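> My file is model-v1.cif. It has mmCIF, C-alpha atoms:
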```cif
data_upload
#
loop_
_atom_site.group_PDB
_atom_site.id
_atom_site.type_symbol
_atom_site.label_atom_id
_atom_site.label_comp_id
_atom_site.auth_asym_id
_atom_site.auth_seq_id
_atom_site.Cartn_x
_atom_site.Cartn_y
_atom_site.Cartn_z
ATOM 1 C CA MET A 1 133.023 155.446 97.937
ATOM 2 C CA TRP A 2 131.076 156.771 100.893
ATOM 3 C CA PRO A 3 129.026 155.381 103.793
ATOM 4 C CA GLU A 4 125.219 155.533 103.702
ATOM 5 C CA THR A 5 124.600 153.859 107.072
ATOM 6 C CA ASP A 6 126.706 151.770 109.466
ATOM 7 C CA ARG A 7 126.277 148.721 107.252
ATOM 8 C CA VAL A 8 125.821 150.231 103.829
ATOM 9 C CA LYS A 9 128.229 151.900 101.429
ATOM 10 C CA THR A 10 127.938 153.342 97.968
ATOM 11 C CA LEU A 11 130.704 152.683 95.455
ATOM 12 C CA ALA A 12 131.017 154.879 92.377
ATOM 13 C CA LEU A 13 132.537 152.941 89.494
ATOM 14 C CA ASP A 14 134.183 154.080 86.310
ATOM 15 C CA VAL A 15 133.203 151.373 83.860
ATOM 16 C CA GLN A 16 135.041 150.933 80.595
ATOM 17 C CA ASP A 17 132.786 151.058 77.550
ATOM 18 C CA TRP A 18 129.656 151.473 79.694
ATOM 19 C CA THR A 19 126.705 151.635 77.351
ATOM 20 C CA GLY A 20 124.376 153.343 79.824
ATOM 21 C CA HIS A 21 121.602 151.805 81.856
ATOM 22 C CA ARG A 22 117.953 152.172 82.831
ATOM 23 C CA ALA A 23 116.790 152.873 86.379
ATOM 24 C CA GLY A 24 116.067 149.568 88.121
ATOM 25 C CA GLN A 25 118.704 147.497 86.321
ATOM 26 C CA HIS A 26 121.480 145.703 88.156
ATOM 27 C CA VAL A 27 124.995 144.445 87.519
ATOM 28 C CA ASP A 28 126.631 141.180 88.427
ATOM 29 C CA VAL A 29 129.911 141.711 90.285
ATOM 30 C CA ARG A 30 132.454 138.923 90.082
ATOM 31 C CA LEU A 31 135.438 138.682 92.402
ATOM 32 C CA THR A 32 138.295 136.271 91.777
ATOM 33 C CA ALA A 33 140.602 135.244 94.615
ATOM 34 C CA ASP A 34 144.323 134.645 94.135
ATOM 35 C CA ASP A 35 143.674 130.896 94.016
ATOM 36 C CA GLY A 36 141.117 131.312 91.248
ATOM 37 C CA TYR A 37 138.032 130.918 93.443
ATOM 38 C CA GLN A 38 135.219 133.088 92.110
ATOM 39 C CA ALA A 39 132.175 134.567 93.786
ATOM 40 C CA GLN A 40 129.474 136.521 92.028
ATOM 41 C CA ARG A 41 126.591 138.640 93.330
ATOM 42 C CA SER A 42 124.012 140.968 91.816
ATOM 43 C CA TYR A 43 123.804 144.587 92.948
ATOM 44 C CA SER A 44 121.239 147.135 91.875
ATOM 45 C CA ILE A 45 122.471 150.312 90.265
ATOM 46 C CA ALA A 46 121.640 153.286 92.484
ATOM 47 C CA SER A 47 122.454 156.121 90.110
ATOM 48 C CA SER A 48 120.122 157.502 87.500
ATOM 49 C CA ALA A 49 120.852 156.788 83.868
ATOM 50 C CA GLY A 50 123.156 159.074 81.955
ATOM 51 C CA GLY A 51 125.625 159.821 84.711
ATOM 52 C CA PRO A 52 129.362 159.447 84.167
ATOM 53 C CA ARG A 53 129.670 156.772 86.832
ATOM 54 C CA VAL A 54 127.775 153.704 87.909
ATOM 55 C CA GLU A 55 126.923 153.801 91.600
ATOM 56 C CA LEU A 56 126.278 150.589 93.508
ATOM 57 C CA THR A 57 124.937 150.653 97.052
ATOM 58 C CA VAL A 58 126.005 147.580 98.964
ATOM 59 C CA GLU A 59 124.827 146.322 102.350
ATOM 60 C CA ARG A 60 127.404 144.368 104.323
ATOM 61 C CA ILE A 61 126.265 140.823 105.072
ATOM 62 C CA ASP A 62 128.660 139.723 107.808
ATOM 63 C CA ASP A 63 129.058 136.121 106.650
ATOM 64 C CA GLY A 64 128.798 136.996 102.966
ATOM 65 C CA GLU A 65 131.514 136.443 100.401
ATOM 66 C CA VAL A 66 131.312 139.588 98.289
ATOM 67 C CA SER A 67 129.698 142.361 100.339
ATOM 68 C CA PRO A 68 132.311 142.396 103.157
ATOM 69 C CA TYR A 69 134.988 142.912 100.520
ATOM 70 C CA LEU A 70 133.073 145.673 98.733
ATOM 71 C CA THR A 71 132.151 147.516 101.937
ATOM 72 C CA GLU A 72 135.272 146.980 104.074
ATOM 73 C CA GLU A 73 138.272 146.130 101.926
ATOM 74 C CA ALA A 74 137.801 147.727 98.526
ATOM 75 C CA HIS A 75 139.732 150.933 97.948
ATOM 76 C CA THR A 76 139.541 153.697 95.431
ATOM 77 C CA GLY A 77 141.357 152.485 92.340
ATOM 78 C CA ASP A 78 140.559 148.783 92.802
ATOM 79 C CA ARG A 79 139.313 146.938 89.740
ATOM 80 C CA PHE A 80 136.826 144.103 89.454
ATOM 81 C CA GLU A 81 134.683 142.392 86.872
ATOM 82 C CA LEU A 82 131.150 143.512 86.072
ATOM 83 C CA ARG A 83 128.468 142.047 83.854
ATOM 84 C CA GLY A 84 125.640 144.304 82.850
ATOM 85 C CA PRO A 85 123.594 146.355 82.896
ATOM 86 C CA VAL A 86 121.235 143.456 83.387
ATOM 87 C CA GLY A 87 117.453 143.250 83.359
ATOM 88 C CA GLY A 88 114.636 144.922 81.494
ATOM 89 C CA TYR A 89 111.612 143.888 83.516
ATOM 90 C CA PHE A 90 112.087 145.757 86.781
ATOM 91 C CA VAL A 91 112.875 149.124 85.169
ATOM 92 C CA TRP A 92 111.388 152.598 85.305
ATOM 93 C CA ASP A 93 109.458 153.439 82.190
ATOM 94 C CA PRO A 94 109.471 157.196 81.446
ATOM 95 C CA ASP A 95 105.772 156.955 80.595
ATOM 96 C CA PRO A 96 104.140 154.468 82.954
ATOM 97 C CA GLY A 97 100.667 155.721 82.007
ATOM 98 C CA GLY A 98 99.558 156.757 85.487
ATOM 99 C CA PRO A 99 100.500 156.994 89.152
ATOM 100 C CA VAL A 100 103.279 154.767 90.411
ATOM 101 C CA LEU A 101 103.935 153.184 93.800
ATOM 102 C CA LEU A 102 107.453 152.175 94.832
ATOM 103 C CA VAL A 103 107.743 149.915 97.877
ATOM 104 C CA GLY A 104 111.166 149.071 99.288
ATOM 105 C CA GLY A 105 112.187 146.955 102.246
ATOM 106 C CA GLY A 106 115.693 147.479 103.657
ATOM 107 C CA SER A 107 118.296 147.698 100.921
ATOM 108 C CA GLY A 108 115.480 146.994 98.449
ATOM 109 C CA ILE A 109 115.357 150.785 98.294
ATOM 110 C CA VAL A 110 118.369 150.845 95.951
ATOM 111 C CA PRO A 111 116.751 150.231 92.534
ATOM 112 C CA LEU A 112 113.778 152.356 93.632
ATOM 113 C CA MET A 113 116.195 155.177 94.448
ATOM 114 C CA ALA A 114 117.552 154.949 90.918
ATOM 115 C CA MET A 115 113.948 155.336 89.735
ATOM 116 C CA ALA A 116 113.294 158.327 92.023
ATOM 117 C CA ARG A 117 116.534 159.943 90.828
ATOM 118 C CA GLN A 118 115.636 159.225 87.218
ATOM 119 C CA ARG A 119 112.189 160.704 87.706
ATOM 120 C CA THR A 120 113.719 163.853 89.210
ATOM 121 C CA ALA A 121 116.418 164.134 86.525
ATOM 122 C CA ASN A 122 113.754 163.854 83.818
ATOM 123 C CA HIS A 123 111.454 166.405 85.525
ATOM 124 C CA ASP A 124 108.874 163.661 85.274
ATOM 125 C CA ALA A 125 105.527 164.734 86.736
ATOM 126 C CA VAL A 126 103.952 161.298 87.141
ATOM 127 C CA PRO A 127 102.465 161.085 90.666
ATOM 128 C CA THR A 128 104.713 158.719 92.580
ATOM 129 C CA SER A 129 104.646 157.429 96.140
ATOM 130 C CA LEU A 130 107.735 155.821 97.604
ATOM 131 C CA LEU A 131 107.130 153.709 100.689
ATOM 132 C CA TYR A 132 110.327 152.695 102.441
ATOM 133 C CA SER A 133 110.315 150.192 105.293
ATOM 134 C CA ALA A 134 113.461 150.213 107.436
ATOM 135 C CA ARG A 135 114.227 148.960 110.917
ATOM 136 C CA SER A 136 115.224 152.316 112.343
ATOM 137 C CA TRP A 137 116.022 155.876 111.270
ATOM 138 C CA GLU A 138 119.735 154.976 111.394
ATOM 139 C CA ASP A 139 119.106 152.194 108.876
ATOM 140 C CA VAL A 140 117.478 154.494 106.320
ATOM 141 C CA ILE A 141 119.719 154.687 103.238
ATOM 142 C CA TYR A 142 119.757 157.992 101.287
ATOM 143 C CA ARG A 143 117.980 159.651 104.207
ATOM 144 C CA ASP A 144 118.805 163.300 103.452
ATOM 145 C CA GLU A 145 118.231 162.985 99.737
ATOM 146 C CA LEU A 146 114.874 161.270 100.240
ATOM 147 C CA GLU A 147 113.784 163.954 102.685
ATOM 148 C CA ARG A 148 114.719 166.613 100.132
ATOM 149 C CA TYR A 149 112.778 164.815 97.408
ATOM 150 C CA GLY A 150 109.739 164.660 99.663
ATOM 151 C CA LYS A 151 109.782 168.446 100.091
ATOM 152 C CA ARG A 152 110.115 169.369 96.437
ATOM 153 C CA GLY A 153 106.382 169.320 95.832
ATOM 154 C CA ASP A 154 106.812 167.795 92.390
ATOM 155 C CA GLY A 155 104.456 164.871 92.874
ATOM 156 C CA LEU A 156 106.913 162.551 94.591
ATOM 157 C CA GLU A 157 105.726 161.565 98.048
ATOM 158 C CA ILE A 158 108.161 159.847 100.398
ATOM 159 C CA VAL A 159 106.717 157.736 103.225
ATOM 160 C CA PHE A 160 108.884 155.993 105.810
ATOM 161 C CA THR A 161 107.843 153.241 108.160
ATOM 162 C CA LEU A 162 110.290 152.272 110.902
ATOM 163 C CA THR A 163 109.501 148.780 112.050
ATOM 164 C CA ARG A 164 111.763 148.278 115.045
ATOM 165 C CA GLU A 165 112.756 151.575 116.563
ATOM 166 C CA GLN A 166 111.446 155.088 116.091
ATOM 167 C CA PRO A 167 113.265 158.296 117.085
ATOM 168 C CA PRO A 168 111.688 160.478 119.788
ATOM 169 C CA GLY A 169 108.830 162.505 118.389
ATOM 170 C CA TRP A 170 108.481 160.293 115.301
ATOM 171 C CA SER A 171 105.190 161.056 113.605
ATOM 172 C CA GLY A 172 105.501 158.617 110.694
ATOM 173 C CA TYR A 173 104.518 154.987 110.513
ATOM 174 C CA GLY A 174 106.091 152.614 113.018
ATOM 175 C CA ARG A 175 105.000 149.173 111.918
ATOM 176 C CA ARG A 176 105.456 146.603 109.186
ATOM 177 C CA VAL A 177 103.825 147.279 105.861
ATOM 178 C CA ASP A 178 100.258 146.000 106.079
ATOM 179 C CA ARG A 179 97.012 146.278 104.183
ATOM 180 C CA GLU A 180 95.857 149.479 105.861
ATOM 181 C CA LEU A 181 99.209 151.171 105.359
ATOM 182 C CA LEU A 182 99.317 150.237 101.663
ATOM 183 C CA ALA A 183 95.758 151.431 101.173
ATOM 184 C CA GLU A 184 96.696 154.794 102.703
ATOM 185 C CA VAL A 185 99.917 155.248 100.777
ATOM 186 C CA ALA A 186 98.958 153.944 97.324
ATOM 187 C CA PRO A 187 98.041 156.829 95.025
ATOM 188 C CA ALA A 188 94.551 156.949 93.586
ATOM 189 C CA ASP A 189 94.348 155.344 90.137
ATOM 190 C CA LEU A 190 97.516 153.387 90.855
ATOM 191 C CA THR A 191 98.834 152.106 87.533
ATOM 192 C CA LEU A 192 102.125 150.445 88.260
ATOM 193 C CA THR A 193 103.905 149.207 91.383
ATOM 194 C CA PHE A 194 107.527 148.220 91.914
ATOM 195 C CA VAL A 195 108.334 146.193 95.026
ATOM 196 C CA CYS A 196 111.892 145.295 96.025
ATOM 197 C CA GLY A 197 113.265 143.736 99.171
ATOM 198 C CA PRO A 198 113.773 140.402 100.880
ATOM 199 C CA THR A 199 111.577 137.621 99.473
ATOM 200 C CA PRO A 200 109.048 137.445 102.359
ATOM 201 C CA PHE A 201 108.621 141.239 102.324
ATOM 202 C CA VAL A 202 108.102 141.370 98.555
ATOM 203 C CA GLU A 203 105.622 138.509 98.518
ATOM 204 C CA ALA A 204 103.604 139.889 101.452
ATOM 205 C CA VAL A 205 103.367 143.329 99.833
ATOM 206 C CA ALA A 206 102.464 141.940 96.412
ATOM 207 C CA GLU A 207 99.788 139.636 97.846
ATOM 208 C CA THR A 208 98.308 142.468 99.889
ATOM 209 C CA LEU A 209 98.164 144.744 96.851
ATOM 210 C CA VAL A 210 96.386 142.029 94.875
ATOM 211 C CA GLY A 211 93.993 141.674 97.818
ATOM 212 C CA LEU A 212 93.312 145.406 97.580
ATOM 213 C CA GLY A 213 92.220 144.869 93.992
ATOM 214 C CA HIS A 214 95.343 145.807 92.074
ATOM 215 C CA GLU A 215 96.060 143.907 88.874
ATOM 216 C CA PRO A 216 98.854 141.327 89.449
ATOM 217 C CA SER A 217 100.448 142.046 86.074
ATOM 218 C CA ARG A 218 100.873 145.696 87.130
ATOM 219 C CA ILE A 219 102.901 144.749 90.200
ATOM 220 C CA LYS A 220 106.558 144.207 89.360
ATOM 221 C CA THR A 221 108.665 142.516 91.976
ATOM 222 C CA GLU A 222 112.343 141.990 92.573
ATOM 223 C CA ARG A 223 113.246 139.601 95.359
ATOM 224 C CA PHE A 224 116.632 139.294 96.913
ATOM 225 C CA GLY A 225 117.965 136.891 99.448
ATOM 226 C CA PRO A 226 118.484 137.700 103.118
ATOM 227 C CA THR A 227 121.851 135.941 103.074
ATOM 228 C CA GLY A 228 124.696 135.124 100.796
ATOM 229 C CA GLY A 229 125.754 138.677 99.924
ATOM 230 C CA MET B 1 115.676 123.896 104.230
ATOM 231 C CA GLU B 2 113.584 125.291 101.431
ATOM 232 C CA ALA B 3 115.701 126.888 98.726
ATOM 233 C CA LEU B 4 115.412 130.635 98.603
ATOM 234 C CA ARG B 5 112.842 131.850 96.088
ATOM 235 C CA LEU B 6 113.939 134.736 93.903
ATOM 236 C CA ASP B 7 112.624 135.840 90.531
ATOM 237 C CA GLY B 8 113.684 136.011 86.914
ATOM 238 C CA ASN B 9 115.671 139.184 87.536
ATOM 239 C CA ALA B 10 118.165 137.044 89.462
ATOM 240 C CA ALA B 11 118.749 134.905 86.360
ATOM 241 C CA ALA B 12 118.998 137.873 83.993
ATOM 242 C CA GLY B 13 122.789 138.061 83.947
ATOM 243 C CA LEU B 14 123.256 134.378 83.226
ATOM 244 C CA LEU B 15 120.541 134.324 80.567
ATOM 245 C CA SER B 16 122.027 137.427 78.937
ATOM 246 C CA GLU B 17 125.032 135.226 78.103
ATOM 247 C CA VAL B 18 122.720 133.087 75.979
ATOM 248 C CA PHE B 19 120.047 135.327 74.492
ATOM 249 C CA ALA B 20 120.739 138.327 72.287
ATOM 250 C CA ALA B 21 117.370 139.877 73.229
ATOM 251 C CA GLU B 22 116.465 141.068 76.742
ATOM 252 C CA VAL B 23 115.126 137.970 78.411
ATOM 253 C CA THR B 24 113.412 139.284 81.568
ATOM 254 C CA THR B 25 110.724 140.919 79.427
ATOM 255 C CA ALA B 26 110.427 137.827 77.197
ATOM 256 C CA VAL B 27 107.192 135.928 77.805
ATOM 257 C CA GLY B 28 107.446 132.268 78.668
ATOM 258 C CA THR B 29 104.463 129.927 78.483
ATOM 259 C CA CYS B 30 104.453 127.077 80.974
ATOM 260 C CA ASP B 31 104.021 123.680 79.374
ATOM 261 C CA GLY B 32 102.356 122.435 82.554
ATOM 262 C CA CYS B 33 99.509 124.903 83.067
ATOM 263 C CA GLY B 34 99.694 127.117 79.989
ATOM 264 C CA SER B 35 100.199 130.357 81.958
ATOM 265 C CA ALA B 36 102.209 133.060 80.223
ATOM 266 C CA GLU B 37 104.485 135.315 82.271
ATOM 267 C CA ALA B 38 107.416 137.622 81.724
ATOM 268 C CA VAL B 39 110.607 135.818 82.689
ATOM 269 C CA GLY B 40 111.201 138.572 85.274
ATOM 270 C CA ALA B 41 108.087 137.368 87.109
ATOM 271 C CA ILE B 42 108.993 133.671 87.015
ATOM 272 C CA HIS B 43 110.247 132.155 90.250
ATOM 273 C CA VAL B 44 113.947 131.395 90.424
ATOM 274 C CA TYR B 45 115.787 129.085 92.793
ATOM 275 C CA LEU B 46 119.569 129.247 92.899
ATOM 276 C CA ALA B 47 121.477 126.115 93.850
ATOM 277 C CA ALA B 48 124.164 124.219 91.950
ATOM 278 C CA GLY B 49 122.177 125.338 88.925
ATOM 279 C CA THR B 50 119.498 127.928 88.276
ATOM 280 C CA VAL B 51 115.950 126.571 88.283
ATOM 281 C CA LEU B 52 113.027 128.612 86.976
ATOM 282 C CA ARG B 53 109.544 127.595 88.063
ATOM 283 C CA CYS B 54 106.130 128.738 86.880
ATOM 284 C CA PRO B 55 104.713 131.180 89.487
ATOM 285 C CA HIS B 56 101.233 129.689 88.971
ATOM 286 C CA CYS B 57 101.780 125.905 89.121
ATOM 287 C CA GLU B 58 105.455 125.725 90.290
ATOM 288 C CA ALA B 59 106.346 123.362 87.432
ATOM 289 C CA VAL B 60 109.972 123.629 86.337
ATOM 290 C CA VAL B 61 110.084 125.649 83.113
ATOM 291 C CA MET B 62 113.830 126.078 82.723
ATOM 292 C CA LYS B 63 117.030 124.692 84.207
ATOM 293 C CA VAL B 64 120.368 126.315 83.546
ATOM 294 C CA VAL B 65 123.750 125.008 84.642
ATOM 295 C CA THR B 66 127.100 126.555 83.881
ATOM 296 C CA ASP B 67 130.674 125.561 84.625
ATOM 297 C CA GLY B 68 131.932 129.038 83.793
ATOM 298 C CA GLU B 69 132.780 128.114 80.233
ATOM 299 C CA ARG B 70 129.772 126.258 78.892
ATOM 300 C CA ILE B 71 126.066 126.552 79.649
ATOM 301 C CA TRP B 72 123.533 123.710 79.628
ATOM 302 C CA MET B 73 119.849 124.601 79.299
ATOM 303 C CA ASP B 74 116.880 122.303 79.838
ATOM 304 C CA LEU B 75 113.785 123.958 78.393
ATOM 305 C CA ARG B 76 111.397 121.009 78.485
ATOM 306 C CA GLY B 77 108.941 122.777 80.741
ATOM 307 C CA LEU B 78 108.604 125.743 78.432
ATOM 308 C CA ARG B 79 105.993 125.571 75.683
ATOM 309 C CA THR B 80 107.196 128.780 74.035
ATOM 310 C CA LEU B 81 109.497 131.699 74.796
ATOM 311 C CA GLU B 82 108.507 134.894 73.043
ATOM 312 C CA LEU B 83 111.370 137.362 72.631
ATOM 313 C CA ALA B 84 111.386 140.853 71.158
ATOM 314 C CA PRO B 85 114.831 141.252 69.553
#
```
Starting from the file, lay out its structure as structure tokens.

Amino acid sequence: MWPETDRVKTLALDVQDWTGHRAGQHVDVRLTADDGYQAQRSYSIASSAGGPRVELTVERIDDGEVSPYLTEEAHTGDRFELRGPVGGYFVWDPDPGGPVLLVGGGSGIVPLMAMARQRTANHDAVPTSLLYSARSWEDVIYRDELERYGKRGDGLEIVFTLTREQPPGWSGYGRRVDRELLAEVAPADLTLTFVCGPTPFVEAVAETLVGLGHEPSRIKTERFGPTGG
Amino acid sequence: MEALRLDGNAAAGLLSEVFAAEVTTAVGTCDGCGSAEAVGAIHVYLAAGTVLRCPHCEAVVMKVVTDGERIWMDLRGLRTLELAP
């Protein structure tokens, strides 16, 4: 396991009899206390398909039941229950039929990162824009890897917007995702969009994209709660 | 406080205990308004049980309750569920 930001860690899991997964899928993690009390949460898989391990990136929610354990107390060698891979709707299709837009808010980047990694692993040439909204540069998960991806020149464009605090000399976006920003970032002939983040973020982005004339059925969303992790 | 709205992806693990086919890409037709949507796009509210509501008319299309051993499903709000096994 390794830190991604102050609040976010990635755990690499060896899963018995893992059947493989598709980018965008998640797993349900179930913890059982000594007294039998159980808590279960869903976490997106961060790694691309085909790897030997399943990587989960987990943001610590201070009053949560599962994420404080996974980010603060879990140690290499610990075992816990998983169900999955789960989901088939919010997944990267190797042949989406045209340009793709990925929009992530906060730790909503995780399943989109699996998609970006999958795209890179497959040498997929489909034009793809990844728009990542984070509070500050310190809150950006996978920062170095995303910057590398953005410089590869293989049709994957990485766009950051930092909503609360920007580093000195920041030349990128510094505001919440709005209509103008989406219009600028969305590739021409946009075919498919994946949006993941907190519910209000996802719904605002999806509604704005529909307002810009994009077909609702071509906008796939995955909402997650701001609390309870 | 309004329950937190999620989507069908949040119910995928639970529903995978019931259905042999992938359920988030299954298409459910709302008995209230007749709209057809992939289960992944249907609104989900998590409370004591899992409640799925039509994203167009907000009618309840599915209720799922589990005690960890058994699962109860109320599908009265669903006209059809089209799965691709």
> Between A:Gln118, A:Gln40, A:Thr191, A:Thr208, which is the closest to B:Gly68 once you count only C-alpha atoms?
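Of all the options, A:Gln40 lies closest to B:Gly68.
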> Pull out every residue of chain B sitting within 12 Å of chain A, counting only C-alpha atoms, and send them as a PyMOL selection string.
chain B and resi 3-17+21-27+36-47+55-56+67-68+84
> Based on the selection just made, write C-alpha atoms of those residues as a CSV table (one decimal), keeping the file's coordinate frame.

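Output contents, as saved in selection.csv:
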```csv
chain,number,residue,atom,x,y,z
B,3,ALA,CA,115.7,126.9,98.7
B,4,LEU,CA,115.4,130.6,98.6
B,5,ARG,CA,112.8,131.8,96.1
B,6,LEU,CA,113.9,134.7,93.9
B,7,ASP,CA,112.6,135.8,90.5
B,8,GLY,CA,113.7,136.0,86.9
B,9,ASN,CA,115.7,139.2,87.5
B,10,ALA,CA,118.2,137.0,89.5
B,11,ALA,CA,118.7,134.9,86.4
B,12,ALA,CA,119.0,137.9,84.0
B,13,GLY,CA,122.8,138.1,83.9
B,14,LEU,CA,123.3,134.4,83.2
B,15,LEU,CA,120.5,134.3,80.6
B,16,SER,CA,122.0,137.4,78.9
B,17,GLU,CA,125.0,135.2,78.1
B,21,ALA,CA,117.4,139.9,73.2
B,22,GLU,CA,116.5,141.1,76.7
B,23,VAL,CA,115.1,138.0,78.4
B,24,THR,CA,113.4,139.3,81.6
B,25,THR,CA,110.7,140.9,79.4
B,26,ALA,CA,110.4,137.8,77.2
B,27,VAL,CA,107.2,135.9,77.8
B,36,ALA,CA,102.2,133.1,80.2
B,37,GLU,CA,104.5,135.3,82.3
B,38,ALA,CA,107.4,137.6,81.7
B,39,VAL,CA,110.6,135.8,82.7
B,40,GLY,CA,111.2,138.6,85.3
B,41,ALA,CA,108.1,137.4,87.1
B,42,ILE,CA,109.0,133.7,87.0
B,43,HIS,CA,110.2,132.2,90.2
B,44,VAL,CA,113.9,131.4,90.4
B,45,TYR,CA,115.8,129.1,92.8
B,46,LEU,CA,119.6,129.2,92.9
B,47,ALA,CA,121.5,126.1,93.8
B,55,PRO,CA,104.7,131.2,89.5
B,56,HIS,CA,101.2,129.7,89.0
B,67,ASP,CA,130.7,125.6,84.6
B,68,GLY,CA,131.9,129.0,83.8
B,84,ALA,CA,111.4,140.9,71.2
```
> Just give me the gap between atom CA of A:Arg218 and atom CA of A:Glu203 in Å, one decimal is fine.
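Spanning atom CA of A:Arg218 to atom CA of A:Glu203 is a straight-line distance of 14.3 Å.
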> For the structure provided, state which residues fall under the PyMOL selection byres ((chain B and resi 60) around 12), and present them as a PyMOL selection string.
chain B and resi 28-33+42-45+50-59+61-64+74-79
> Using the chain letters and numbering of this document, enumerate as number ranges by chain the residues selected by the PyMOL selection byres ((chain A and resi 46) around 6).
A: 45, 47, 55-56, 110-111, 114
> Using all atoms listed in the file, which residue out of A:Val103, A:Val66, A:Val8, A:Leu209 lies closest to A:Arg30?
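That would be A:Val66, the residue with the smallest distance to A:Arg30.
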> Grab the atom CA of A:Val54 to atom CA of A:Ala12 distance for me, in Å with one decimal place.
5.6 Å
> Given all atoms listed in the file as the basis, pick out the residue of A:Thr161, A:Gln166, A:Asn122, A:Thr128 nearest to A:Ser48.
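Smallest separation from A:Ser48 among the options: A:Asn122.
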> Just to confirm, what's the straight-line distance from atom CA of A:Ala23 to atom CA of A:Thr120 in Å (one decimal)?
11.7 Å
> Determine the residue set returned by the PyMOL selection byres ((chain A and resi 135-141) around 7) for the present structure, and present it as a PyMOL selection string.
chain A and resi 4-5+133-134+142-143+162-167
> Looking at A:Leu101, A:Glu73, A:Arg152, A:Pro96, which one is nearest to A:His214, with distances taken over all atoms listed in the file?
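With all atoms listed in the file as the atom set, the closest residue is A:Leu101.
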> Under the rule that only C-alpha atoms are counted, which of A:Gly50, A:Gly24, A:Pro168, A:Gly174 is the nearest residue to A:Val91?
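Distance minimum relative to A:Val91 lands on A:Gly24.
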> Please provide the set of residues having any atom within 12 Å of A:Tyr69, restricted to only C-alpha atoms, with same-chain residues fewer than 3 positions apart removed, written as a ChimeraX atom specification.
/A:9,11,29-33,39-41,58-66,72-75,78,80,229
> Given all atoms listed in the file as the basis, pick out the residue of A:Gly197, A:Gly155, A:Gly77, A:Pro52 nearest to A:Gly106.
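Going through A:Gly197, A:Gly155, A:Gly77, A:Pro52 one by one, the smallest distance to A:Gly106 is for A:Gly197.
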> Hey, could you patch up stretch 24-37 of chain A with N, CA and C atoms and hand it over as a compact mmCIF listing (two decimals), keeping the file's coordinate frame?

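Final file, selection.txt:
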```txt
# COMPACT_ATOMS: atom_id res chain seq x y z
N GLY A 24 116.64 150.84 87.69
CA GLY A 24 116.07 149.57 88.12
C GLY A 24 116.94 148.39 87.71
N GLN A 25 117.83 148.60 86.76
CA GLN A 25 118.70 147.50 86.32
C GLN A 25 119.77 147.21 87.37
N HIS A 26 120.40 146.05 87.24
CA HIS A 26 121.48 145.70 88.16
C HIS A 26 122.72 145.27 87.38
N VAL A 27 123.78 145.03 88.11
CA VAL A 27 125.00 144.44 87.52
C VAL A 27 125.36 143.22 88.34
N ASP A 28 126.04 142.31 87.71
CA ASP A 28 126.63 141.18 88.43
C ASP A 28 128.10 141.51 88.66
N VAL A 29 128.52 141.45 89.92
CA VAL A 29 129.91 141.71 90.28
C VAL A 29 130.59 140.37 90.52
N ARG A 30 131.73 140.17 89.89
CA ARG A 30 132.45 138.92 90.08
C ARG A 30 133.84 139.21 90.66
N LEU A 31 134.12 138.56 91.77
CA LEU A 31 135.44 138.68 92.40
C LEU A 31 136.18 137.37 92.21
N THR A 32 137.46 137.46 91.94
CA THR A 32 138.29 136.27 91.78
C THR A 32 139.44 136.33 92.78
N ALA A 33 139.52 135.31 93.62
CA ALA A 33 140.60 135.24 94.62
C ALA A 33 141.91 134.83 93.95
N ASP A 34 143.00 134.99 94.68
CA ASP A 34 144.32 134.65 94.14
C ASP A 34 144.40 133.19 93.69
N ASP A 35 143.64 132.32 94.38
CA ASP A 35 143.67 130.90 94.02
C ASP A 35 142.68 130.55 92.91
N GLY A 36 142.04 131.56 92.35
CA GLY A 36 141.12 131.31 91.25
C GLY A 36 139.67 131.16 91.66
N TYR A 37 139.41 131.05 92.98
CA TYR A 37 138.03 130.92 93.44
C TYR A 37 137.24 132.17 93.08
```
